[in-house]
>>> print(open('final-v7.txt').read())   # compact mmCIF, C-alpha atoms
# COMPACT_ATOMS: atom_id res chain seq x y z
CA MET A 4 30.30 -36.08 -26.75
CA PRO A 5 31.76 -34.80 -23.48
CA ARG A 6 29.73 -35.20 -20.32
CA ARG A 7 28.32 -32.01 -18.93
CA THR A 8 30.11 -30.86 -15.84
CA ALA A 9 28.24 -29.90 -12.67
CA GLU A 10 29.23 -26.32 -13.41
CA ASP A 11 27.59 -26.38 -16.85
CA VAL A 12 24.41 -27.68 -15.30
CA ALA A 13 24.44 -24.96 -12.64
CA ASP A 14 25.03 -22.29 -15.32
CA SER A 15 22.16 -23.47 -17.49
CA ARG A 16 19.91 -23.69 -14.42
CA ALA A 17 20.75 -20.07 -13.58
CA VAL A 18 20.03 -18.93 -17.14
CA ALA A 19 16.75 -20.82 -17.18
CA THR A 20 15.74 -19.43 -13.78
CA ARG A 21 16.46 -15.86 -14.81
CA HIS A 22 14.37 -16.24 -17.95
CA ALA A 23 11.57 -17.93 -16.01
CA VAL A 24 11.47 -15.06 -13.49
CA ASP A 25 11.07 -12.58 -16.36
CA VAL A 26 8.28 -14.65 -17.94
CA ALA A 27 6.48 -15.16 -14.61
CA SER A 28 6.61 -11.46 -13.82
CA VAL A 29 4.47 -10.84 -16.92
CA GLU A 30 2.39 -14.02 -17.23
CA GLY A 31 2.29 -15.15 -13.61
CA LEU A 32 3.79 -18.26 -12.06
CA GLU A 33 0.86 -20.24 -13.46
CA GLY A 34 1.87 -19.04 -16.92
CA LEU A 35 5.14 -20.98 -16.69
CA THR A 36 5.17 -24.26 -18.55
CA ILE A 37 8.09 -26.62 -18.98
CA GLY A 38 7.32 -26.89 -22.71
CA ARG A 39 7.30 -23.15 -23.30
CA LEU A 40 10.49 -22.55 -21.33
CA ALA A 41 12.23 -25.40 -23.14
CA ASP A 42 11.28 -23.84 -26.49
CA GLU A 43 12.37 -20.35 -25.54
CA LEU A 44 15.65 -21.51 -24.01
CA GLY A 45 16.50 -24.05 -26.69
CA MET A 46 16.74 -26.74 -24.02
CA SER A 47 15.09 -30.13 -23.92
CA LYS A 48 12.06 -30.64 -21.71
CA SER A 49 13.85 -33.53 -19.99
CA GLY A 50 16.84 -31.28 -19.34
CA LEU A 51 14.60 -28.69 -17.69
CA ILE A 52 12.79 -31.31 -15.63
CA GLY A 53 16.19 -32.69 -14.59
CA ARG A 54 17.19 -29.25 -13.34
CA PHE A 55 13.93 -28.22 -11.67
CA GLY A 56 11.69 -31.22 -11.14
CA ASP A 57 7.99 -30.72 -11.74
CA LYS A 58 6.09 -27.52 -12.41
CA ALA A 59 5.46 -26.76 -8.73
CA SER A 60 9.19 -27.11 -7.94
CA LEU A 61 9.99 -24.84 -10.87
CA GLN A 62 7.51 -22.25 -9.58
CA LEU A 63 9.02 -22.31 -6.10
CA ALA A 64 12.54 -22.00 -7.52
CA VAL A 65 11.42 -19.05 -9.62
CA LEU A 66 9.85 -17.41 -6.58
CA ASP A 67 13.11 -17.82 -4.64
CA ALA A 68 15.03 -16.26 -7.50
CA ALA A 69 12.57 -13.37 -7.70
CA VAL A 70 13.03 -12.72 -3.98
CA ALA A 71 16.81 -12.75 -4.44
CA ARG A 72 16.52 -10.23 -7.28
CA PHE A 73 14.19 -7.97 -5.26
CA THR A 74 16.47 -8.22 -2.23
CA GLU A 75 19.52 -7.30 -4.29
CA HIS A 76 17.85 -4.23 -5.77
CA VAL A 77 15.70 -2.98 -2.89
CA TRP A 78 17.28 -4.16 0.34
CA GLY A 79 20.86 -4.16 -0.98
CA PRO A 80 21.31 -0.39 -1.37
CA ALA A 81 19.83 0.19 2.12
CA SER A 82 21.47 -2.59 4.08
CA ALA A 83 24.65 -0.71 4.99
CA LEU A 84 22.75 2.32 6.34
CA PRO A 85 21.83 2.74 10.01
CA ALA A 86 18.61 0.98 11.02
CA GLY A 87 15.51 3.16 11.27
CA MET A 88 14.67 6.18 9.16
CA PRO A 89 17.87 6.35 7.07
CA ARG A 90 17.40 2.76 5.99
CA LEU A 91 13.65 3.08 5.56
CA GLU A 92 13.95 6.12 3.29
CA ARG A 93 16.53 4.33 1.16
CA ILE A 94 14.32 1.23 0.93
CA VAL A 95 11.41 3.37 -0.26
CA ASP A 96 13.49 4.98 -2.99
CA ALA A 97 15.10 1.73 -4.10
CA TRP A 98 11.66 0.06 -4.13
CA VAL A 99 10.21 2.70 -6.45
CA ASP A 100 13.41 2.72 -8.53
CA HIS A 101 13.23 -1.04 -9.12
CA LEU A 102 9.69 -0.56 -10.44
CA ARG A 103 10.72 2.39 -12.61
CA ASP A 104 13.78 0.56 -13.94
CA GLY A 105 11.88 -2.59 -14.89
CA VAL A 106 13.95 -4.94 -12.73
CA PHE A 107 11.02 -7.29 -13.37
CA PRO A 108 9.64 -6.78 -16.88
CA GLY A 109 6.08 -7.37 -15.61
CA GLY A 110 6.28 -4.79 -12.80
CA CYS A 111 5.78 -5.84 -9.21
CA PHE A 112 6.49 -9.58 -9.12
CA VAL A 113 4.89 -10.16 -5.75
CA THR A 114 1.62 -8.43 -6.63
CA THR A 115 1.15 -10.62 -9.68
CA ALA A 116 1.88 -13.71 -7.56
CA SER A 117 -0.38 -12.44 -4.75
CA VAL A 118 -3.36 -12.03 -7.06
CA GLU A 119 -2.70 -15.44 -8.59
CA TYR A 120 -2.65 -17.29 -5.30
CA ASP A 121 -4.72 -15.32 -2.80
CA ALA A 122 -7.65 -17.69 -3.36
CA ARG A 123 -5.71 -20.78 -4.48
CA PRO A 124 -4.37 -22.85 -1.56
CA GLY A 125 -1.15 -24.81 -1.93
CA PRO A 126 2.61 -24.58 -1.47
CA GLN A 127 2.88 -21.68 -3.92
CA ARG A 128 0.40 -19.61 -1.93
CA ASP A 129 2.16 -20.50 1.32
CA ALA A 130 5.49 -19.45 -0.15
CA VAL A 131 4.19 -16.12 -1.48
CA ALA A 132 2.41 -15.36 1.80
CA ALA A 133 5.55 -16.22 3.78
CA LEU A 134 7.71 -13.83 1.80
CA VAL A 135 5.18 -11.01 2.07
CA ARG A 136 5.00 -11.55 5.84
CA ARG A 137 8.80 -11.54 6.04
CA TRP A 138 9.05 -8.31 4.07
CA LEU A 139 6.34 -6.66 6.20
CA GLY A 140 8.27 -7.77 9.28
CA ILE A 141 11.45 -6.13 7.98
CA LEU A 142 9.62 -2.88 7.27
CA GLU A 143 7.94 -2.97 10.67
CA ALA A 144 11.30 -3.45 12.41
CA GLU A 145 12.73 -0.43 10.59
CA ALA A 146 9.66 1.66 11.46
CA THR A 147 10.01 0.60 15.09
CA ALA A 148 13.67 1.64 15.10
CA ALA A 149 12.75 4.95 13.45
CA GLN A 150 10.13 5.57 16.10
CA ALA A 151 12.54 4.73 18.94
CA ALA A 152 14.92 7.31 17.50
CA GLY A 153 12.15 9.92 17.36
CA ASP A 154 12.10 9.94 13.56
CA LEU A 155 8.52 8.68 13.31
CA PRO A 156 5.63 10.11 15.36
CA ALA A 157 4.90 8.17 18.54
CA ASP A 158 1.25 7.69 17.58
CA ARG A 159 2.05 5.76 14.39
CA VAL A 160 1.72 1.96 14.59
CA PRO A 161 4.84 0.41 12.97
CA ALA A 162 2.83 -2.49 11.52
CA ASP A 163 0.46 0.05 9.93
CA VAL A 164 3.39 1.91 8.40
CA ALA A 165 4.75 -1.34 6.95
CA TYR A 166 1.37 -2.28 5.55
CA GLU A 167 0.82 1.15 4.02
CA LEU A 168 4.18 1.08 2.26
CA HIS A 169 3.50 -2.36 0.84
CA SER A 170 -0.04 -1.44 -0.25
CA LEU A 171 1.08 1.75 -1.98
CA ALA A 172 3.92 0.07 -3.88
CA SER A 173 1.79 -2.90 -4.85
CA GLY A 174 -1.44 -1.15 -5.82
CA GLY A 175 0.30 1.89 -7.25
CA SER A 176 2.59 -0.01 -9.56
CA VAL A 177 -0.22 -2.10 -11.01
CA ALA A 178 -2.56 0.82 -11.67
CA GLY A 179 0.23 2.90 -13.21
CA ARG A 180 1.07 0.18 -15.71
CA LEU A 181 -2.57 -0.37 -16.54
CA ILE A 182 -3.44 3.25 -17.23
CA ASP A 183 -0.02 4.12 -18.70
CA ASP A 184 0.42 7.03 -16.31
CA PRO A 185 4.01 8.27 -16.53
CA ASP A 186 3.57 10.11 -13.20
CA ALA A 187 2.26 7.08 -11.32
CA LEU A 188 5.52 5.93 -9.77
CA GLU A 189 6.45 9.42 -8.60
CA ARG A 190 3.00 9.70 -7.03
CA VAL A 191 3.72 6.38 -5.30
CA ARG A 192 7.12 7.62 -4.15
CA ARG A 193 5.60 10.80 -2.69
CA ALA A 194 2.88 8.82 -0.96
CA MET A 195 5.40 6.40 0.54
CA HIS A 196 7.55 9.28 1.78
CA ARG A 197 4.44 10.85 3.30
CA THR A 198 3.75 7.58 5.08
CA ILE A 199 7.12 7.68 6.81
CA GLY A 200 7.13 11.47 7.15
CA ARG A 201 6.85 13.24 10.41
CA MET B 87 -42.74 -26.41 -25.50
CA PRO B 88 -43.50 -22.71 -25.06
CA ARG B 89 -41.17 -20.20 -26.62
CA ARG B 90 -39.05 -18.27 -24.16
CA THR B 91 -40.17 -14.74 -23.72
CA ALA B 92 -37.78 -11.81 -24.02
CA GLU B 93 -38.20 -11.41 -20.28
CA ASP B 94 -37.05 -14.98 -19.55
CA VAL B 95 -33.99 -14.41 -21.67
CA ALA B 96 -33.18 -11.16 -19.86
CA ASP B 97 -33.62 -12.89 -16.47
CA SER B 98 -31.33 -15.76 -17.34
CA ARG B 99 -28.79 -13.33 -18.74
CA ALA B 100 -28.82 -11.42 -15.45
CA VAL B 101 -28.38 -14.64 -13.43
CA ALA B 102 -25.54 -15.76 -15.68
CA THR B 103 -23.85 -12.37 -15.49
CA ARG B 104 -24.05 -12.27 -11.70
CA HIS B 105 -22.50 -15.72 -11.45
CA ALA B 106 -19.81 -14.85 -14.00
CA VAL B 107 -18.85 -11.73 -12.02
CA ASP B 108 -18.39 -13.87 -8.90
CA VAL B 109 -16.26 -16.41 -10.79
CA ALA B 110 -14.15 -13.73 -12.48
CA SER B 111 -13.50 -11.98 -9.17
CA VAL B 112 -11.73 -15.15 -8.01
CA GLU B 113 -10.34 -16.64 -11.22
CA GLY B 114 -9.95 -13.54 -13.34
CA LEU B 115 -11.76 -12.62 -16.52
CA GLU B 116 -9.47 -14.99 -18.42
CA GLY B 117 -10.70 -17.77 -16.14
CA LEU B 118 -14.21 -17.45 -17.61
CA THR B 119 -15.10 -20.06 -20.18
CA ILE B 120 -18.44 -20.57 -21.87
CA GLY B 121 -18.23 -24.32 -21.14
CA ARG B 122 -17.63 -23.90 -17.44
CA LEU B 123 -20.35 -21.30 -16.99
CA ALA B 124 -22.81 -23.45 -18.93
CA ASP B 125 -22.05 -26.38 -16.62
CA GLU B 126 -22.34 -24.36 -13.44
CA LEU B 127 -25.53 -22.62 -14.52
CA GLY B 128 -27.19 -25.68 -16.04
CA MET B 129 -27.53 -23.78 -19.31
CA SER B 130 -26.55 -24.89 -22.78
CA LYS B 131 -23.39 -23.47 -24.33
CA SER B 132 -25.43 -22.29 -27.30
CA GLY B 133 -27.84 -20.55 -24.94
CA LEU B 134 -24.97 -18.70 -23.29
CA ILE B 135 -23.42 -17.77 -26.61
CA GLY B 136 -26.84 -16.53 -27.73
CA ARG B 137 -27.02 -14.27 -24.69
CA PHE B 138 -23.42 -13.00 -24.66
CA GLY B 139 -21.72 -13.68 -27.97
CA ASP B 140 -18.09 -14.79 -27.86
CA LYS B 141 -15.76 -14.93 -24.88
CA ALA B 142 -14.51 -11.35 -25.31
CA SER B 143 -18.08 -10.02 -25.35
CA LEU B 144 -18.85 -12.06 -22.24
CA GLN B 145 -15.78 -10.60 -20.50
CA LEU B 146 -16.80 -7.05 -21.36
CA ALA B 147 -20.37 -7.68 -20.17
CA VAL B 148 -19.00 -9.10 -16.91
CA LEU B 149 -16.76 -6.09 -16.46
CA ASP B 150 -19.74 -3.75 -16.96
CA ALA B 151 -21.71 -5.72 -14.39
CA ALA B 152 -18.81 -5.59 -11.93
CA VAL B 153 -18.63 -1.82 -12.34
CA ALA B 154 -22.37 -1.57 -11.70
CA ARG B 155 -22.02 -3.66 -8.53
CA PHE B 156 -19.06 -1.59 -7.29
CA THR B 157 -20.91 1.64 -8.09
CA GLU B 158 -24.00 0.50 -6.21
CA HIS B 159 -22.01 -0.42 -3.10
CA VAL B 160 -19.28 2.24 -3.05
CA TRP B 161 -20.60 5.28 -4.87
CA GLY B 162 -24.25 4.67 -3.99
CA PRO B 163 -24.07 5.41 -0.25
CA ALA B 164 -22.03 8.57 -0.91
CA SER B 165 -23.86 10.00 -3.88
CA ALA B 166 -26.47 11.94 -1.92
CA LEU B 167 -23.89 13.65 0.30
CA PRO B 168 -22.41 17.07 -0.49
CA ALA B 169 -19.45 16.99 -2.89
CA GLY B 170 -16.01 17.22 -1.33
CA MET B 171 -14.94 15.84 2.03
CA PRO B 172 -18.31 14.50 3.24
CA ARG B 173 -18.68 12.45 0.08
CA LEU B 174 -15.00 11.45 -0.01
CA GLU B 175 -15.07 10.13 3.56
CA ARG B 176 -18.20 8.13 2.84
CA ILE B 177 -16.65 6.70 -0.33
CA VAL B 178 -13.58 5.59 1.63
CA ASP B 179 -15.68 3.81 4.23
CA ALA B 180 -18.01 2.22 1.70
CA TRP B 181 -14.98 1.12 -0.35
CA VAL B 182 -13.39 -0.66 2.61
CA ASP B 183 -16.78 -2.04 3.66
CA HIS B 184 -17.39 -3.61 0.26
CA LEU B 185 -14.04 -5.39 0.59
CA ARG B 186 -14.79 -6.49 4.16
CA ASP B 187 -18.28 -7.67 3.23
CA GLY B 188 -17.15 -9.74 0.25
CA VAL B 189 -19.30 -7.92 -2.30
CA PHE B 190 -16.98 -9.66 -4.75
CA PRO B 191 -16.01 -13.11 -3.45
CA GLY B 192 -12.48 -12.72 -4.87
CA GLY B 193 -11.81 -9.36 -3.20
CA CYS B 194 -11.01 -6.31 -5.31
CA PHE B 195 -12.38 -7.07 -8.79
CA VAL B 196 -10.47 -4.32 -10.52
CA THR B 197 -7.10 -5.30 -9.08
CA THR B 198 -7.46 -8.85 -10.36
CA ALA B 199 -8.45 -7.52 -13.78
CA SER B 200 -5.63 -4.93 -13.70
CA VAL B 201 -2.97 -7.56 -13.05
CA GLU B 202 -4.45 -9.78 -15.76
CA TYR B 203 -4.39 -7.14 -18.45
CA ASP B 204 -1.68 -4.63 -17.58
CA ALA B 205 0.66 -6.33 -20.06
CA ARG B 206 -1.96 -7.82 -22.42
CA PRO B 207 -3.24 -5.35 -25.04
CA GLY B 208 -6.77 -5.62 -26.36
CA PRO B 209 -10.33 -4.44 -25.76
CA GLN B 210 -10.40 -5.97 -22.25
CA ARG B 211 -7.33 -3.98 -21.19
CA ASP B 212 -8.75 -0.82 -22.73
CA ALA B 213 -12.01 -1.31 -20.85
CA VAL B 214 -10.31 -1.95 -17.49
CA ALA B 215 -7.99 1.03 -17.97
CA ALA B 216 -10.92 3.26 -18.90
CA LEU B 217 -12.85 2.38 -15.78
CA VAL B 218 -9.84 2.93 -13.52
CA ARG B 219 -9.24 6.33 -15.15
CA ARG B 220 -12.90 7.21 -14.69
CA TRP B 221 -12.83 6.24 -11.01
CA LEU B 222 -9.60 8.18 -10.43
CA GLY B 223 -11.25 11.17 -12.10
CA ILE B 224 -14.24 10.95 -9.74
CA LEU B 225 -11.94 10.78 -6.71
CA GLU B 226 -9.86 13.67 -8.00
CA ALA B 227 -12.98 15.81 -8.49
CA GLU B 228 -14.06 15.11 -4.90
CA ALA B 229 -10.57 15.93 -3.61
CA THR B 230 -10.61 19.16 -5.61
CA ALA B 231 -13.96 20.12 -4.12
CA ALA B 232 -12.70 19.25 -0.63
CA GLN B 233 -9.66 21.45 -1.17
CA ALA B 234 -11.78 24.36 -2.45
CA ALA B 235 -13.82 24.10 0.76
CA GLY B 236 -10.66 24.16 2.88
CA ASP B 237 -11.12 20.54 3.98
CA LEU B 238 -7.92 19.31 2.36
CA PRO B 239 -4.57 21.11 2.72
CA ALA B 240 -3.76 23.48 -0.12
CA ASP B 241 -0.43 21.76 -0.79
CA ARG B 242 -2.00 18.40 -1.62
CA VAL B 243 -2.36 17.54 -5.31
CA PRO B 244 -5.89 16.16 -5.88
CA ALA B 245 -4.68 13.67 -8.49
CA ASP B 246 -2.13 12.39 -5.96
CA VAL B 247 -4.85 11.95 -3.35
CA ALA B 248 -6.97 9.99 -5.82
CA TYR B 249 -4.05 7.78 -6.78
CA GLU B 250 -3.09 7.12 -3.16
CA LEU B 251 -6.62 6.05 -2.26
CA HIS B 252 -6.79 3.69 -5.21
CA SER B 253 -3.33 2.25 -4.52
CA LEU B 254 -4.07 1.63 -0.85
CA ALA B 255 -7.40 -0.08 -1.49
CA SER B 256 -6.00 -2.16 -4.32
CA GLY B 257 -2.67 -3.24 -2.85
CA GLY B 258 -3.98 -3.46 0.70
CA SER B 259 -6.90 -5.71 -0.12
CA VAL B 260 -4.77 -8.16 -2.08
CA ALA B 261 -2.04 -8.46 0.55
CA GLY B 262 -4.56 -8.85 3.37
CA ARG B 263 -6.26 -11.78 1.64
CA LEU B 264 -2.94 -13.39 0.84
CA ILE B 265 -1.51 -13.26 4.33
CA ASP B 266 -4.88 -13.79 6.05
CA ASP B 267 -4.44 -10.68 8.18
CA PRO B 268 -7.73 -9.90 9.94
CA ASP B 269 -6.49 -6.35 10.65
CA ALA B 270 -5.54 -5.61 7.06
CA LEU B 271 -8.70 -3.83 5.97
CA GLU B 272 -8.79 -1.64 9.07
CA ARG B 273 -5.18 -0.72 8.40
CA VAL B 274 -6.24 0.20 4.87
CA ARG B 275 -9.16 2.24 6.19
CA ARG B 276 -6.89 4.17 8.58
CA ALA B 277 -4.37 4.78 5.82
CA MET B 278 -7.06 6.04 3.44
CA HIS B 279 -8.45 8.36 6.10
CA ARG B 280 -4.92 9.65 6.73
CA THR B 281 -4.62 10.34 3.02
CA ILE B 282 -7.63 12.63 3.10
CA GLY B 283 -6.90 13.93 6.59
CA ARG B 284 -6.01 17.50 7.30
>>> encode(input="final-v7.txt", output="structure tokens")
Amino acid sequence: MPRRTAEDVADSRAVATRHAVDVASVEGLEGLTIGRLADELGMSKSGLIGRFGDKASLQLAVLDAAVARFTEHVWGPASALPAGMPRLERIVDAWVDHLRDGVFPGGCFVTTASVEYDARPGPQRDAVAALVRRWLGILEAEATAAQAAGDLPADRVPADVAYELHSLASGGSVAGRLIDDPDALERVRRAMHRTIGR
Amino acid sequence: MPRRTAEDVADSRAVATRHAVDVASVEGLEGLTIGRLADELGMSKSGLIGRFGDKASLQLAVLDAAVARFTEHVWGPASALPAGMPRLERIVDAWVDHLRDGVFPGGCFVTTASVEYDARPGPQRDAVAALVRRWLGILEAEATAAQAAGDLPADRVPADVAYELHSLASGGSVAGRLIDDPDALERVRRAMHRTIGR
């Protein structure tokens, strides 16, 4: 039996991570178990542990991968645009689109993780909080640039704008899924555009 | 040993329900177990089962009690005010206040329950969805009355206003707890007032 190459291992780690992100978006990061993933992926438990380490390391790896997927879909389309309002408007649309398109089968990955860990201290909570703070910081910087360019009213507080956008996307996506409202995401989109409107 | 009176049973059911609402607000309704509650309350498992039935019945009773607590704190202060903007403004403030004051130790009860059940069909999901729809309907009726009185711009869609308020409170309360932002709830309050502003 040939030895697995480093490349094979990296490939199977990527496949396992992608699947784990999908599972965690529905069941939460606490819903991930090595045994379940091994079953679903047709891998051995020891193989998974070899690739990820313990459950906490797996959860942090999955969180990183979820951030990468969000960044690709939401920040990616906007990144080449000028800072400020052009970029902010594109972020808003890409954000709602990624919810509409089911980039994460469970909806908003970060909201699920936020609810799981908001009252549960530990490295997972620290990691989720850090990424939310980073994302709010990015939004605030864009709002600040938009304001400097006169595209956002001078009396708006950029940190408020960032927080409003995050709250609307997070709360709006969850409620829409729960009540099966086909208009929910367009309501969220309109509300987010109002938030950055003049 | 004297027999327990019907009144004793009702009292201990109320105590157990109150405690279970607090636990579920932190751990989720799925985090409730008969064994754990029995331990924490110093009651027998059979006594709890006698009062609530199975786990699903307990969860539905806890959800009803959470709705009653929310209604008392958020709808209560507003109910005597005239329909429309006076009532809507009072609801917004009482809503943010109940989050600030920790009426539920885990923050927004309904958001936790929404994330738990948005992808998990069953009577619990149906019950959570029904109460969110009912609350959105109440908000929409107030927004409609406010608009009829000229207190909300004619181009605003009342169902959008309702959905925005719910999204902001839900998403904003979760993120604020996660990132430990002491300003979060005041940001949410300002955003909600903007939503119903002229």
>>> residues_around(input="final-v7.txt", residues="range 125-141 of chain B", least_positions_apart="3", cutoff="12 Å", atoms="all atoms listed in the file", output="VMD selection string")
chain B and resid 90 92 94 to 106 109 115 to 122 144 to 148 209 to 210
>>> atom_distance(input="final-v7.txt", atom1="CA of Ala261 in chain B", atom2="CA of Arg93 in chain A")
22.6 Å
>>> closest_atom_pairs(input="final-v7.txt", of="chain B", to="chain A", cutoff="10 Å", atoms="all atoms listed in the file", output="Markdown table")
| residue | atom | partner | partner_atom | distance |
| --- | --- | --- | --- | --- |
| B:Val112 | CA | A:Ala122 | CA | 6.7 |
| B:Glu113 | CA | A:Glu119 | CA | 8.2 |
| B:Gly114 | CA | A:Glu119 | CA | 8.9 |
| B:Pro191 | CA | A:Ala122 | CA | 9.5 |
| B:Gly192 | CA | A:Ala122 | CA | 7.1 |
| B:Gly193 | CA | A:Asp121 | CA | 9.3 |
| B:Cys194 | CA | A:Val118 | CA | 9.7 |
| B:Val196 | CA | A:Ala178 | CA | 9.5 |
| B:Thr197 | CA | A:Gly174 | CA | 7.7 |
| B:Thr198 | CA | A:Val118 | CA | 6.1 |
| B:Ala199 | CA | A:Val118 | CA | 9.6 |
| B:Ser200 | CA | A:Leu181 | CA | 6.2 |
| B:Val201 | CA | A:Thr115 | CA | 6.1 |
| B:Glu202 | CA | A:Glu30 | CA | 8.2 |
| B:Tyr203 | CA | A:Leu181 | CA | 7.3 |
| B:Asp204 | CA | A:Leu181 | CA | 4.5 |
| B:Ala205 | CA | A:Val29 | CA | 6.7 |
| B:Arg206 | CA | A:Val29 | CA | 9.0 |
| B:Pro207 | CA | A:Leu181 | CA | 9.9 |
| B:Arg211 | CA | A:Leu181 | CA | 7.6 |
| B:Asp212 | CA | A:Ile182 | CA | 8.7 |
| B:Val214 | CA | A:Leu181 | CA | 8.0 |
| B:Ala215 | CA | A:Ile182 | CA | 5.1 |
| B:Ala216 | CA | A:Ile182 | CA | 7.7 |
| B:Leu217 | CA | A:Ile182 | CA | 9.6 |
| B:Val218 | CA | A:Ile182 | CA | 7.4 |
| B:Arg219 | CA | A:Ile182 | CA | 6.9 |
| B:Val243 | CA | A:Arg190 | CA | 9.7 |
| B:Ala245 | CA | A:Arg190 | CA | 8.8 |
| B:Asp246 | CA | A:Arg190 | CA | 5.9 |
| B:Val247 | CA | A:Ala194 | CA | 8.7 |
| B:Tyr249 | CA | A:Arg190 | CA | 7.3 |
| B:Glu250 | CA | A:Ala194 | CA | 6.6 |
| B:Leu251 | CA | A:Leu171 | CA | 8.8 |
| B:His252 | CA | A:Gly174 | CA | 7.2 |
| B:Ser253 | CA | A:Gly174 | CA | 4.1 |
| B:Leu254 | CA | A:Ser170 | CA | 5.1 |
| B:Ala255 | CA | A:Gly174 | CA | 7.4 |
| B:Ser256 | CA | A:Gly174 | CA | 4.9 |
| B:Gly257 | CA | A:Gly174 | CA | 3.8 |
| B:Gly258 | CA | A:Ser170 | CA | 4.5 |
| B:Ser259 | CA | A:Ser170 | CA | 8.1 |
| B:Val260 | CA | A:Val118 | CA | 6.5 |
| B:Ala261 | CA | A:Ser117 | CA | 6.8 |
| B:Gly262 | CA | A:Asp121 | CA | 8.9 |
| B:Arg263 | CA | A:Asp121 | CA | 5.9 |
| B:Leu264 | CA | A:Asp121 | CA | 4.5 |
| B:Ile265 | CA | A:Ala132 | CA | 5.1 |
| B:Asp266 | CA | A:Ala132 | CA | 8.6 |
| B:Asp267 | CA | A:Arg136 | CA | 9.8 |
| B:Asp269 | CA | A:Asp163 | CA | 9.5 |
| B:Ala270 | CA | A:Tyr166 | CA | 7.8 |
| B:Glu272 | CA | A:Asp163 | CA | 9.4 |
| B:Arg273 | CA | A:Asp163 | CA | 5.9 |
| B:Val274 | CA | A:Glu167 | CA | 7.2 |
| B:Arg276 | CA | A:Asp163 | CA | 8.5 |
| B:Ala277 | CA | A:Glu167 | CA | 6.6 |
| B:Met278 | CA | A:Glu167 | CA | 9.3 |
| B:Arg280 | CA | A:Thr198 | CA | 9.1 |
| B:Thr281 | CA | A:Ala194 | CA | 8.6 |
>>> atom_distance(input="final-v7.txt", atom1="CA of Gly153 in chain A", atom2="CA of Gly200 in chain A")
11.5 Å
>>> atom_distance(input="final-v7.txt", atom1="CA of Asp187 in chain B", atom2="CA of Ala227 in chain B")
26.8 Å
>>> closest_residue(input="final-v7.txt", among="A:Glu143, A:Leu155, A:Phe73, A:Gly87", to="Gly105 in chain A", atoms="only C-alpha atoms")
A:Phe73
